[in-house]
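> The structure under discussion is supplied below as C-alpha cells; questions concerning it will follow.
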Amino acid sequence: MALGLKLPTWHGWGLLLPIVPLCAISVLSMQAMGDIREGHWLATETLRQIAYILLGFGGMVAAVLVGYHRIGRFSFLLFGLCLVLLVYLILDRWFPIPLVEPIKGSRRWIRLGQVALQPSELMKIAYVLALAWYLRYRRNYRTLSGLIAPFALTLVPMGIILMQPDLGTVLLFLPVLFAMLFAAGAKVRHLGVIILAGVLALPVFWFKIETYQRLRVTGVFLQSPWIRSQLEQHPELWQALRPAEEEPGRWLSHLREWERKTGYQLVHSKTAVGSGGLFGQGYARGPFVEHDLLPEKHNDFIFATLAHQWGLAGCLVVILCYMVMVVIGMDVATMTRDPFGRLVAVGFATLLGVQTIANIAMTIGLGPVTGVTLPFLSAGGSSLVSSFLSVGLLMSVAQHRPVIIGHEPFEFDEEAEKYGGK
Amino acid sequence: MFERRLKVLLILLAVPTAGIVLRLVQMQALQGDYHQATAEKMMRRQAARYFPCLRGEIQDHEGRRLAFDAPAWDICVRYEVIADDARSLRSMAKRLGLPRDEPTREQIRASWQAISELTGTSMDELQEWQERTRRRVHLIKEQVSRAHGIDMPILEERIAHPAVRGLDQNQQAAARVTLAAYPWIEVVGGHRRQYAGGESLGHLLGYLNEVDERDIRNDPAAGNDLARYRLGDLHGAEGVEAMAESWLRGLRGRQLEDIEGRVISAVEPVNGRNFRLTLDLPLQQFIYAKLKEAVAAHPPSTGASAVVLDIPSRQILALVSYPGFDPNLTPAERRRLEADELNRPTKFRAVAERYPPGSIVKPVVLAGGWTDGKVNLNTRVDCQGQLNPVPPYFKCTARHPHIDPVSAIQHSCNVFFYRVGEWMEVPRLSYWLGQAGLGRLTGSGLAREVAGTLPKVGNRGEARLTAIGQQNVWATPLQAANMIATIASGVWRPVTLWADDPRERKPVPLPVVPEALRVVREGMYRVVNEPGGTAYTHIHLENTGDLVLLGKTGSAETQVGAIVERIFVCRFPDGSEDEFVAANEVDLYLKYPQTRAAKILERRAFRYWPTEEMDPTHAWFAGYLTARDRYLESSSGGRLNVALVVLIEFGGRGGGVAAPVAGEIVQEMINMQGGTRGEGRGARGEGRGTGGWASGLLSEGSGGRVARSEMAGGG
C-alpha cells in the first residue's frame with residue numbers, strides 16, 4: 001500500500017485548522033508570562049512549547065501516515081505498556097524508584113533529563129484504542145454481564161492513576177467509556193443501572209481521596225458567600241460532609257478564610273476571567289499576567305489567563321475552535337463504516353470535548369478544580385503530544401475509508417430484538 | 001441508531017458548553033466592571049498585617065530586669081529584591097509605582113552598598129543573609145505547596161525581611177534619610193533584646209537567634225497563625241531564653257482584610273509573660289567577683305564555678321561560672337570567644353562541665369556505708385599515710401592512726417575511705433551516690449545541663465578511688481550542691497530556676513538511717529568549726545548569730561589538664577595536606593581562613609594545661625548553713641538554710657583554695673541579710689521584697705532597673 005501523501009479531506013482540514021490558532025495562542029501566552037533572560041528575546045517556556053508543538057505535529061503526521069488501523073493492531077500492547085509505566089510511577093510510593101520524583105506530593109512524571117513524561121496522558125490514547133479494539137466486533141456488551149470487561153479495562157488504569165494521586169485525569173475515563181459504549185449500542189437501561197451504582201458508591205469514594213482534593217470539589221459550593229454563611233450557622237452540615245480533616249474548631253476559621261487559603265486559586269481565576277470584560281486587557285497586559293496573582297497560570301488555568309487578555313471575544317473564538325473539532329470528530333464517525341474507526345472517532349472526540357469542558361468549567365467555578373489540562377493550550381509536553389496524537393488518529397479515520405462488506409456496524413434493530421430477533 | 005446516538009452524545013456535550021458560554025457572558029459582559037475592580041484590589045492588597053509583641057522579661061527573684069526588650073529599628077528589604085528574578089522585580093515595580101525598567105541591577109547594588117556603609121556590615125555578610133533567606137523561603141513555599149497541591153504564593157514572598165537589626169534612635173534617623181532613595185528598603189520599628197546584670201549572667205540568660213527552617217518545621221505552635229514562628233522571628237537559643245521560650249513568647253497581632261478591604265478580624269498583640277528567676281542578682285555578681293579573684297590568685301587555674309541552693313525549696317539562688325561574658329555580645333563576638341580553649345569563657349561550668357568531685361562525696365559514702373552496716377561507731381582504721389608501700393600507693397594527706405568515722409570526715413582521711421570503699425564495692429557506692437543525685441540531671445531545665453557519670457562495676461582498687469570521688473565519678477557543681485542539700489535535709493529534690501514554678505516536684509527521701517546522717521553532720525561540723533578540720537583555718541565567720549556552717553573540702557586530682565591546643569591535619573581540595581596548630585575548629589578557621597575549604601583528616605592533642613608536672617587538682621568546697629543548736633537534725637527551712645558549692649578549676653587543694661572563697665561568700669550572705677530578722681525562702685516562691693533576700697538592697701523598687709551599685713559589683 002503506497003504511503004503516498006494525500007491531501008486531507010475536508011474533515012481532515014476541519015480538524016487541522018482549529019489547531020493553528022490554538023497553538024499560536026499558547027505560544028503567545030507562554031511568551032507573555034515567561035521569564036525572558038538577558039540577551040534572548042524568546043522566553044524559555046516559549047521555546048519549550050514550540051519544541052513540543054513540533055514534536056506533537058510530527059506525531060500527528062506519523063499517525064496519519066501509519067494509519068489508525070495499523071496502530072490499532074497494537075492497541076492492547078500499547079495499553080499494557082502504559083499500564084507498566086503507570087505502575088512504575090506508583091511503586092515509588094513504597095520503594096525509591098529512579099527517575100521518579102514526587103512534585104508537591106504527587107507522582108505523575110517520569111523524568112528523563114530535561115524531559116518529563118506523563119504516562120497518564122499516553123494512557124488516554126492507549127485506552128481509547130484498546131477499548132475500541134475490544135468492542136469492535138462484539139455484541140455481548142448489549143447484555144449487562146458483557147459490560148463487565150469494558151469496565152474492568154477502565155477501572156484498572158483509573159485506580160492506578162488515582163494513586164498518583166491525580167483525580168482529574170481519572171474523571172475523564174468514565175465519560176469516554178460511557179460515550180463509546182453508548183455509541184456502540186449498549187442498552188440505555190444497563191448504563192443507567194451502572195451510573196446509579198456509581199452515584200451510590202460516591203460516599204465511599206469521597207472519603208478515600210486526599211483532603212485537598214475534597215476541598216477542591218467542595219470549592220464549587222463554597223464559592224458562594226451565602227452557602228458559606230449557611231454552613232457557619234449550621235455546623236452539622238460541615239461535620240457530616242467532613243470536607244477537610246482538621247482539629248475541631250478550626251473549620252470555622254477555615255470557612256472564614258476560605259478566600260485566602262483553599263479558595264484562593266478559584267477566586268483569583270474567576271476574577272481573572274471576569275476582568276477580561278468583552279475584549280480583554282490586551283496581549284500580555286492585565287494584573288493577572290503581569291503579577292504573580294494566579295497559580296498554575298501556565299497549564300491548568302491557562303484559560304483564565306486567556307480570558308483575561310482577550311475577553312469574551314477571545315473566549316468564544318477558542319470555544320468555537322474546540323467545538324469545531326469535536327463536531328467534526330463525531331461526524332467522522334458516521335462517515336466511516338469501519339467499526340474500529342467509528343469507536344476510535346467517538347472516543348477521541350468525546351475525550352477532547354470532555355477535557356475541554358472540564359478545564360474551562362473549573363476556571364470559572366462551574367466544576368471542581370482538578371488537574372486536567374486544556375488540549376493544545378496548556379503548557380506541558382505530554383499533554384500537547386497526546387492532544388496531537390488524538391487529532392492525528394481522528395484525521396486518520398477521516399482519511400481511510402476501507403470498504404466494508406456487510407451491514408453498517410453498531411446498527412441494532414431494537415424493535416426486532418424485543419420480539420426475539422437478532 | 002448509531003447516528004441517533006451520536007446526536008445524543010453531541011447534545012450531552014452541548015449542554016455544559018452552553019452553560020459555560022452563558023456563565024462567561026455573565027462574568028465578562030455583565031459583571032466585568034465588578035471583577036475589574038476586584039482585580040485592582042487584589043493587585044494592591046497587602047498581605048495580612050501583623051503587629052509584633054513584646055517578649056517577656058527575665059527577672060531575678062526581686063523583679064530586677066535581667067533581660068528585656070528595648071526599642072530598636074531594623075532595616076528591611078523586600079523579598080522581590082532578595083529573590084533577584086526579573087519577573088518579581090517587574091511585579092514589585094508595578095506595585096510600588098516605579099517606572100517599568102526599575103529597579104536596575106546597578107540601583108539594587110547601590111542600595112546594598114548603602115546599607116553596608118551605614119551599618120558596617122560587609123557586603124559578604126549581606127550576600128550570605130540573602131542566600132539564607134532565599135533558601136528558607138523556598139523551603140517554606142515547598143511545604144505550603146505540598147499541603148495545597150498547587151504553587152501557592154506565600155506571605156514571605158511579599159514582605160520585607162530584616163537584613164540588619166538593632167539600630168538605635170540616631171542610626172535609624174540617618175538610615176531613613178540615606179535609604180529614602182530606595183523604595184524597596186524599609187526602616188521598621190521593632191525591639192532589640194537587652195541584657196543587664198553583667199558578665200556573671202552570660203551563660204545563664206542565653207541569647208536569641210533567628211529561627212531556621214527546622215525550627216519552623218518542628219514548631220509545636222505551627223497551627224496557630226499568631227503564635228507560630230515566621231521567618232525573621234527570633235527565639236531563645238540557649239540558657240533561660242531557650243528554657244522559658246514558650247513562656248516568654250507572646251502572640252503577634254494581626255489585621256485581616258477581605259477582598260473588599262473590609263476588616264474581617266483584628267487581634268491585638270499579646271505580650272509574652274515575664275519569667276521570674278529564683279536568682280539573687282547581687283549575690284550572683286558578688287560571687288562572680290570573688291571567683292575572678294580566686295582564679296587570678298591561684299595559677300594554674302583557668303576557671304571556677306559556684307552554686308547556692310535554698311535547701312527546702314531547692315531554688316537556685318546563684319549559678320555562677322567564671323569566666324563569663326556579657327550577654328549583649330553579638331553572635332559573631334560570641335563565636336570568637338569559643339576559640340579560647342584555654343579559658344573557655346563560653347563553657348557554662350556550673351551545669352555543663354563534669355569534674356571529679358573528690359572528697360566532697362565522702363559524707364554520702366559514709367552515710368551509705370553506715371546504713372549498709374559496713375561502718376559503725378566502733379569502726380577504726382589505721383591510716384599510715386598510704387595503703388601500699390609500692391605503687392599504686394593509695395595515698396592520704398597525712399597519718400591518722402586509729403581514725404574513727406567522724407574524724408575521717410573532719411580530717412578527710414583517704415585511707416579510711418579506701419577501706420570503706422573496699423567493704424561497699426563499686427555497685428553499692430554508685431547506688432548511694434546516685435541516691436544523692438549524682439549521675440542524673442538535677443531538673444534545672446537548662447538544655448546544656450549534663451548528668452555526669454557513675455561507674456557500674458569496678459575492682460577493689462577502683463572501689464577505693466570511687467569512695468573518694470576520683471574514679472569514674474563525674475559531677476557538675478550543680479549536682480554537687482544538690483548532693484549537699486540532700487545530706488543536709490535527708491531528702492533529694494529536683495532544683496528549680498523558676499520562682500513561680502507551678503510544677504509539683506516530689507521529694508525523694510534518702511534511704512539512710514537517721515543516725516548515719518547525724519554522724520556525717522557532726523563530721524562536717526568539725527571540718528569547719530573545730531581545729532584539725534580541713535577548712536578550719538581557712539574560714540572565719542563573724543556575726544553568724546544562730547547559724548553555723550557545715551562543710552566538706554575536696555581536692556580532686558586529675559592526671560592531666562585539659563587539651564588547650566591541637567594539631568589539625570587538613571587536606572585541601574587540590575590534594576595537598578598540611579598541619580596547623582590551633583585551639584579548636586573555631587580558632588583554626590579564625591587564624592587560618594584558608595582551612596575553611598579543607599577537610600580535617602585528623603586532630604591530635606598538642607598541649608595540655610595544666611601540665612602534668614603542675615599536679616593538676618580541682619579545689620572543691622561543699623557545705624551548708626543551718627541552725628547552730630540543731631545542726632545534727634535535718635534542716636528544713638529557717639533563716640538562710642542554703643547549700644553552697646565552690647569549685648576552683650585546677651586551683652589546687654580544696655582547703656586552702658576553695659574554702660576561703662566559700663567563707664567570704666557565706667559572710668556576704670550573712671551581711672546581706674542584715675541581722676537576724678526575716679525568714680528564709682521556705683518552699684514558696686514569694687513576690688517582691690519583704691522578708692526575702694537582700695531586702696535592704698531593694699533600691700529601685702518594683703520592676704526597676706538594676707541599681708548602679710549592683711551593676712558595678714557585677715564586674
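Residue numbering restarts at 1 in every chain; chains get A, B, ... in the order shown in the C-alpha cells, and ligands count up from 1 in that same order.
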Restrict the calculation to only C-alpha atoms, then for each residue of chain B with any atom at most 6 Å from an atom of chain A give the closest atom pair and their distance in Å to one decimal, rows by chain and rising residue number, as JSON lines.

```
{"residue": "B:Met1", "atom": "CA", "partner": "A:Glu411", "partner_atom": "CA", "distance": 5.7}
{"residue": "B:Phe2", "atom": "CA", "partner": "A:Glu411", "partner_atom": "CA", "distance": 5.9}
{"residue": "B:Arg5", "atom": "CA", "partner": "A:Ala183", "partner_atom": "CA", "distance": 5.8}
{"residue": "B:Met27", "atom": "CA", "partner": "A:Gly274", "partner_atom": "CA", "distance": 4.9}
{"residue": "B:Gln28", "atom": "CA", "partner": "A:Gly277", "partner_atom": "CA", "distance": 4.3}
{"residue": "B:Ala29", "atom": "CA", "partner": "A:Gly277", "partner_atom": "CA", "distance": 5.7}
{"residue": "B:Gly32", "atom": "CA", "partner": "A:Gly277", "partner_atom": "CA", "distance": 4.7}
{"residue": "B:His35", "atom": "CA", "partner": "A:Ser275", "partner_atom": "CA", "distance": 4.7}
{"residue": "B:Gln36", "atom": "CA", "partner": "A:Ser275", "partner_atom": "CA", "distance": 4.3}
{"residue": "B:Ser91", "atom": "CA", "partner": "A:His291", "partner_atom": "CA", "distance": 5.0}
{"residue": "B:Ser145", "atom": "CA", "partner": "A:Lys104", "partner_atom": "CA", "distance": 6.0}
{"residue": "B:Arg146", "atom": "CA", "partner": "A:Lys104", "partner_atom": "CA", "distance": 4.1}
{"residue": "B:Gly149", "atom": "CA", "partner": "A:Lys104", "partner_atom": "CA", "distance": 5.7}
{"residue": "B:Asp151", "atom": "CA", "partner": "A:Pro295", "partner_atom": "CA", "distance": 5.9}
```
> Can you pull out the residues contacting B:Leu497? Cut-off 7 Å, using only C-alpha atoms, and skip same-chain residues under 5 positions away; I want them as a list in words.
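Answer for this query is Leu277, Thr278, Gln315, Ile316 and Ser444 of chain B.
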> Keeping N, CA, C and O atoms for every residue in the selection just given, could you write it to a file as a JSON list (two decimals), in the first residue's frame?

```json
[["chain", "number", "residue", "atom", "x", "y", "z"],
["B", 277, "LEU", "N", 13.15, 34.53, 87.84],
["B", 277, "LEU", "CA", 14.09, 33.51, 88.28],
["B", 277, "LEU", "C", 14.17, 33.50, 89.80],
["B", 277, "LEU", "O", 13.83, 34.47, 90.45],
["B", 278, "THR", "N", 14.71, 32.41, 90.29],
["B", 278, "THR", "CA", 14.94, 32.32, 91.74],
["B", 278, "THR", "C", 16.25, 33.00, 92.11],
["B", 278, "THR", "O", 16.61, 33.09, 93.28],
["B", 315, "GLN", "N", 15.46, 26.06, 95.33],
["B", 315, "GLN", "CA", 15.55, 27.17, 94.39],
["B", 315, "GLN", "C", 17.02, 27.55, 94.25],
["B", 315, "GLN", "O", 17.74, 27.58, 95.23],
["B", 316, "ILE", "N", 17.41, 27.85, 93.01],
["B", 316, "ILE", "CA", 18.80, 28.20, 92.76],
["B", 316, "ILE", "C", 18.97, 29.70, 93.00],
["B", 316, "ILE", "O", 18.40, 30.51, 92.28],
["B", 444, "SER", "N", 17.10, 21.24, 86.44],
["B", 444, "SER", "CA", 17.10, 22.69, 86.27],
["B", 444, "SER", "C", 16.33, 23.12, 85.04],
["B", 444, "SER", "O", 15.84, 24.24, 84.95]]
```
> Return as a ChimeraX atom specification the full set of residues in stretch 262-388 of chain A whose backbone-based DSSP assignment is helix (DSSP H, G or I).
/A:264-274,287-290,302-335,339-363,381-388
> From the set A:Val397, A:Val84, A:Trp258, A:Phe388, which residue has the shortest atom-to-atom contact distance to A:Leu54, counting only C-alpha atoms?
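For A:Leu54, the nearest of the given residues is A:Phe388.
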> So what do you get for atom CA of B:Leu281 versus atom CA of B:Trp498, distance-wise?
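The value is 14.1 Å.
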> For the strand (DSSP E) assignment from backbone DSSP, which residues of stretch 607-638 of chain B qualify? Please present them as a ChimeraX atom specification.
/B:607-609,617-627
> Leaving out B:Leu342 and any residue of its chain fewer than 4 positions from it, which residues lie within 10 Å of it when counting only C-alpha atoms, given as a VMD selection string?
chain B and resid 302 to 303 338 562 to 565 583 608 to 610
> Just write the chosen residues, all heavy atoms, as an mmCIF file, in the first residue's frame.

```cif
data_model
loop_
_atom_site.group_PDB
_atom_site.id
_atom_site.type_symbol
_atom_site.label_atom_id
_atom_site.label_comp_id
_atom_site.auth_asym_id
_atom_site.auth_seq_id
_atom_site.Cartn_x
_atom_site.Cartn_y
_atom_site.Cartn_z
ATOM 1 N N THR B 302 42.118 27.950 85.548
ATOM 2 C CA THR B 302 41.608 28.565 84.333
ATOM 3 C C THR B 302 40.134 28.939 84.445
ATOM 4 O O THR B 302 39.573 29.520 83.528
ATOM 5 C CB THR B 302 41.738 27.598 83.136
ATOM 6 O OG1 THR B 302 41.224 26.330 83.543
ATOM 7 C CG2 THR B 302 43.183 27.448 82.729
ATOM 8 N N GLY B 303 39.496 28.569 85.556
ATOM 9 C CA GLY B 303 38.079 28.903 85.652
ATOM 10 C C GLY B 303 37.547 28.490 87.006
ATOM 11 O O GLY B 303 38.266 27.902 87.814
ATOM 12 N N GLU B 338 34.631 31.414 71.469
ATOM 13 C CA GLU B 338 34.775 29.953 71.520
ATOM 14 C C GLU B 338 36.162 29.499 71.107
ATOM 15 O O GLU B 338 36.534 28.355 71.347
ATOM 16 C CB GLU B 338 33.735 29.304 70.607
ATOM 17 C CG GLU B 338 32.359 29.332 71.222
ATOM 18 C CD GLU B 338 31.312 28.771 70.290
ATOM 19 O OE1 GLU B 338 31.674 27.956 69.424
ATOM 20 O OE2 GLU B 338 30.150 29.173 70.433
ATOM 21 N N ALA B 562 43.474 19.958 80.748
ATOM 22 C CA ALA B 562 42.630 19.883 79.553
ATOM 23 C C ALA B 562 43.464 20.180 78.326
ATOM 24 O O ALA B 562 44.504 20.841 78.412
ATOM 25 C CB ALA B 562 41.496 20.892 79.660
ATOM 26 N N ILE B 563 43.000 19.711 77.175
ATOM 27 C CA ILE B 563 43.714 19.990 75.930
ATOM 28 C C ILE B 563 43.449 21.446 75.556
ATOM 29 O O ILE B 563 42.305 21.864 75.429
ATOM 30 C CB ILE B 563 43.192 19.097 74.792
ATOM 31 C CG1 ILE B 563 43.288 17.628 75.203
ATOM 32 C CG2 ILE B 563 43.957 19.351 73.513
ATOM 33 C CD1 ILE B 563 42.672 16.697 74.189
ATOM 34 N N VAL B 564 44.497 22.222 75.393
ATOM 35 C CA VAL B 564 44.279 23.622 75.025
ATOM 36 C C VAL B 564 44.784 23.947 73.639
ATOM 37 O O VAL B 564 44.534 25.018 73.112
ATOM 38 C CB VAL B 564 44.906 24.597 76.046
ATOM 39 C CG1 VAL B 564 44.207 24.476 77.372
ATOM 40 C CG2 VAL B 564 46.388 24.342 76.185
ATOM 41 N N GLU B 565 45.538 23.031 73.051
ATOM 42 C CA GLU B 565 45.930 23.256 71.663
ATOM 43 C C GLU B 565 45.981 21.924 70.961
ATOM 44 O O GLU B 565 46.373 20.915 71.538
ATOM 45 C CB GLU B 565 47.294 23.949 71.589
ATOM 46 C CG GLU B 565 47.144 25.441 71.381
ATOM 47 C CD GLU B 565 48.471 26.140 71.163
ATOM 48 O OE1 GLU B 565 49.488 25.639 71.650
ATOM 49 O OE2 GLU B 565 48.481 27.159 70.481
ATOM 50 N N ALA B 583 43.602 26.051 68.726
ATOM 51 C CA ALA B 583 42.938 25.560 69.936
ATOM 52 C C ALA B 583 41.803 24.604 69.589
ATOM 53 O O ALA B 583 41.682 23.535 70.174
ATOM 54 C CB ALA B 583 42.410 26.736 70.742
ATOM 55 N N TYR B 608 48.667 20.556 76.782
ATOM 56 C CA TYR B 608 47.699 20.476 77.877
ATOM 57 C C TYR B 608 47.935 21.626 78.835
ATOM 58 O O TYR B 608 49.025 22.149 78.954
ATOM 59 C CB TYR B 608 47.874 19.173 78.664
ATOM 60 C CG TYR B 608 47.478 17.944 77.891
ATOM 61 C CD1 TYR B 608 48.397 17.281 77.084
ATOM 62 C CD2 TYR B 608 46.180 17.452 77.979
ATOM 63 C CE1 TYR B 608 48.023 16.165 76.370
ATOM 64 C CE2 TYR B 608 45.813 16.325 77.267
ATOM 65 C CZ TYR B 608 46.734 15.691 76.467
ATOM 66 O OH TYR B 608 46.372 14.582 75.770
ATOM 67 N N TRP B 609 46.875 21.989 79.524
ATOM 68 C CA TRP B 609 47.042 22.957 80.608
ATOM 69 C C TRP B 609 46.088 22.587 81.726
ATOM 70 O O TRP B 609 44.907 22.467 81.488
ATOM 71 C CB TRP B 609 46.743 24.373 80.126
ATOM 72 C CG TRP B 609 47.051 25.372 81.192
ATOM 73 C CD1 TRP B 609 46.165 25.897 82.095
ATOM 74 C CD2 TRP B 609 48.332 25.883 81.525
ATOM 75 N NE1 TRP B 609 46.811 26.727 82.957
ATOM 76 C CE2 TRP B 609 48.152 26.746 82.639
ATOM 77 C CE3 TRP B 609 49.616 25.713 81.022
ATOM 78 C CZ2 TRP B 609 49.207 27.435 83.222
ATOM 79 C CZ3 TRP B 609 50.647 26.406 81.596
ATOM 80 C CH2 TRP B 609 50.437 27.259 82.692
ATOM 81 N N PRO B 610 46.506 22.434 82.954
ATOM 82 C CA PRO B 610 47.908 22.493 83.381
ATOM 83 C C PRO B 610 48.697 21.271 82.899
ATOM 84 O O PRO B 610 48.121 20.258 82.545
ATOM 85 C CB PRO B 610 47.811 22.473 84.906
ATOM 86 C CG PRO B 610 46.381 22.674 85.231
ATOM 87 C CD PRO B 610 45.600 22.218 84.057
#
```
> Report, in Å to a single decimal, how far apart atom CA of B:Ser636 and atom CA of B:Lys374 are.
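According to the coordinates, atom CA of B:Lys374 and atom CA of B:Ser636 are separated by 28.5 Å.
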> Between atom CA of B:His61 and atom CA of B:Met672, what is the spacing in Å?
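One can read the atom CA of B:Met672 to atom CA of B:His61 distance as 14.8 Å.
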> I'd like the neighbourhood of A:Leu81 as JSON, numbers by chain, where a residue qualifies if any of its atoms comes within 10 Å (using only C-alpha atoms), though same-chain residues fewer than 3 positions away should be ignored.
{"A": [75, 76, 77, 78, 84, 85, 86, 87, 119, 122, 123, 126]}
> Report as a list in words all protein, DNA and RNA residues lying within 6 Å of A:Thr46, evaluated on only C-alpha atoms, omitting residues in the same chain fewer than 3 positions from it.
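Neighbouring residues, sequence-local ones excluded: Val27, Met30, Gln31, Ala43 and Gln49 of chain A.
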> Just write the chosen residues, N, CA, C and O atoms, as a PDB file, in the first residue's frame.

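Written output follows (selection_33.pdb):
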```pdb
ATOM      1  N   VAL A  27       1.522  29.661  22.281  1.00  0.00           N
ATOM      2  CA  VAL A  27       2.897  30.171  22.203  1.00  0.00           C
ATOM      3  C   VAL A  27       2.940  31.626  22.666  1.00  0.00           C
ATOM      4  O   VAL A  27       3.809  32.027  23.436  1.00  0.00           O
ATOM      5  N   MET A  30       2.754  31.786  26.471  1.00  0.00           N
ATOM      6  CA  MET A  30       4.000  31.436  27.142  1.00  0.00           C
ATOM      7  C   MET A  30       4.957  32.615  27.092  1.00  0.00           C
ATOM      8  O   MET A  30       5.659  32.923  28.046  1.00  0.00           O
ATOM      9  N   GLN A  31       4.980  33.273  25.957  1.00  0.00           N
ATOM     10  CA  GLN A  31       5.874  34.402  25.800  1.00  0.00           C
ATOM     11  C   GLN A  31       5.482  35.530  26.734  1.00  0.00           C
ATOM     12  O   GLN A  31       6.324  36.179  27.334  1.00  0.00           O
ATOM     13  N   ALA A  43      11.175  33.577  25.619  1.00  0.00           N
ATOM     14  CA  ALA A  43      11.249  33.002  26.957  1.00  0.00           C
ATOM     15  C   ALA A  43      11.516  31.506  26.858  1.00  0.00           C
ATOM     16  O   ALA A  43      11.213  30.879  25.842  1.00  0.00           O
ATOM     17  N   GLN A  49       7.556  25.203  24.464  1.00  0.00           N
ATOM     18  CA  GLN A  49       6.248  24.955  23.879  1.00  0.00           C
ATOM     19  C   GLN A  49       6.378  24.722  22.375  1.00  0.00           C
ATOM     20  O   GLN A  49       5.784  23.804  21.818  1.00  0.00           O
TER      21      GLN A  49
END
```
> Per residue of stretch 507-616 of chain B within 10 Å of stretch 403-411 of chain B, record the nearest atom pair and its distance in Å to one decimal, counting only C-alpha atoms, with rows in chain order and ascending residue number, as a tab-separated table.

```
residue	atom	partner	partner_atom	distance
B:Arg518	CA	B:Val406	CA	9.8
B:Val519	CA	B:Val406	CA	6.3
B:Val520	CA	B:Val406	CA	6.7
B:Arg521	CA	B:Val406	CA	8.6
B:Glu522	CA	B:Val406	CA	6.6
B:Gly523	CA	B:Val406	CA	4.6
B:Met524	CA	B:Gln410	CA	6.3
B:Tyr525	CA	B:Gln410	CA	7.9
B:Arg526	CA	B:Gln410	CA	5.5
B:Val527	CA	B:Gln410	CA	4.5
B:Val528	CA	B:Gln410	CA	8.2
B:Asn529	CA	B:Gln410	CA	9.6
B:Glu530	CA	B:Gln410	CA	8.4
B:Pro531	CA	B:Gln410	CA	9.1
B:Gly532	CA	B:His411	CA	6.3
B:Gly533	CA	B:Gln410	CA	4.8
B:Thr534	CA	B:His411	CA	5.7
B:Ala535	CA	B:Gln410	CA	8.8
B:Tyr536	CA	B:Gln410	CA	9.5
B:Gly551	CA	B:Gln410	CA	9.3
B:Lys552	CA	B:Ile409	CA	7.7
B:Thr553	CA	B:Gln410	CA	9.4
```
> Which neighbours of A:Phe79 fall inside 12 Å, counting only C-alpha atoms, when residues of the same chain fewer than 4 positions from it are skipped, and could you give them as a PyMOL selection string?
chain A and resi 71-75+83-86+119-134+153-154+156-157
> Give me the residues near A:Ala186 as a list in words, where near means some atom within 8 Å (using only C-alpha atoms) and where sequence neighbours in that chain fewer than 4 positions away do not count.
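Neighbouring residues, sequence-local ones excluded: Tyr141, Arg142, Thr143, Leu181, Phe182, His190 and Leu191 of chain A.
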> Measuring between only C-alpha atoms, which one of B:His400, B:Arg419, B:His138, B:His203 shows the shortest distance to B:Val365?
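When distances to B:Val365 are compared using only C-alpha atoms, the smallest one comes from B:Arg419.
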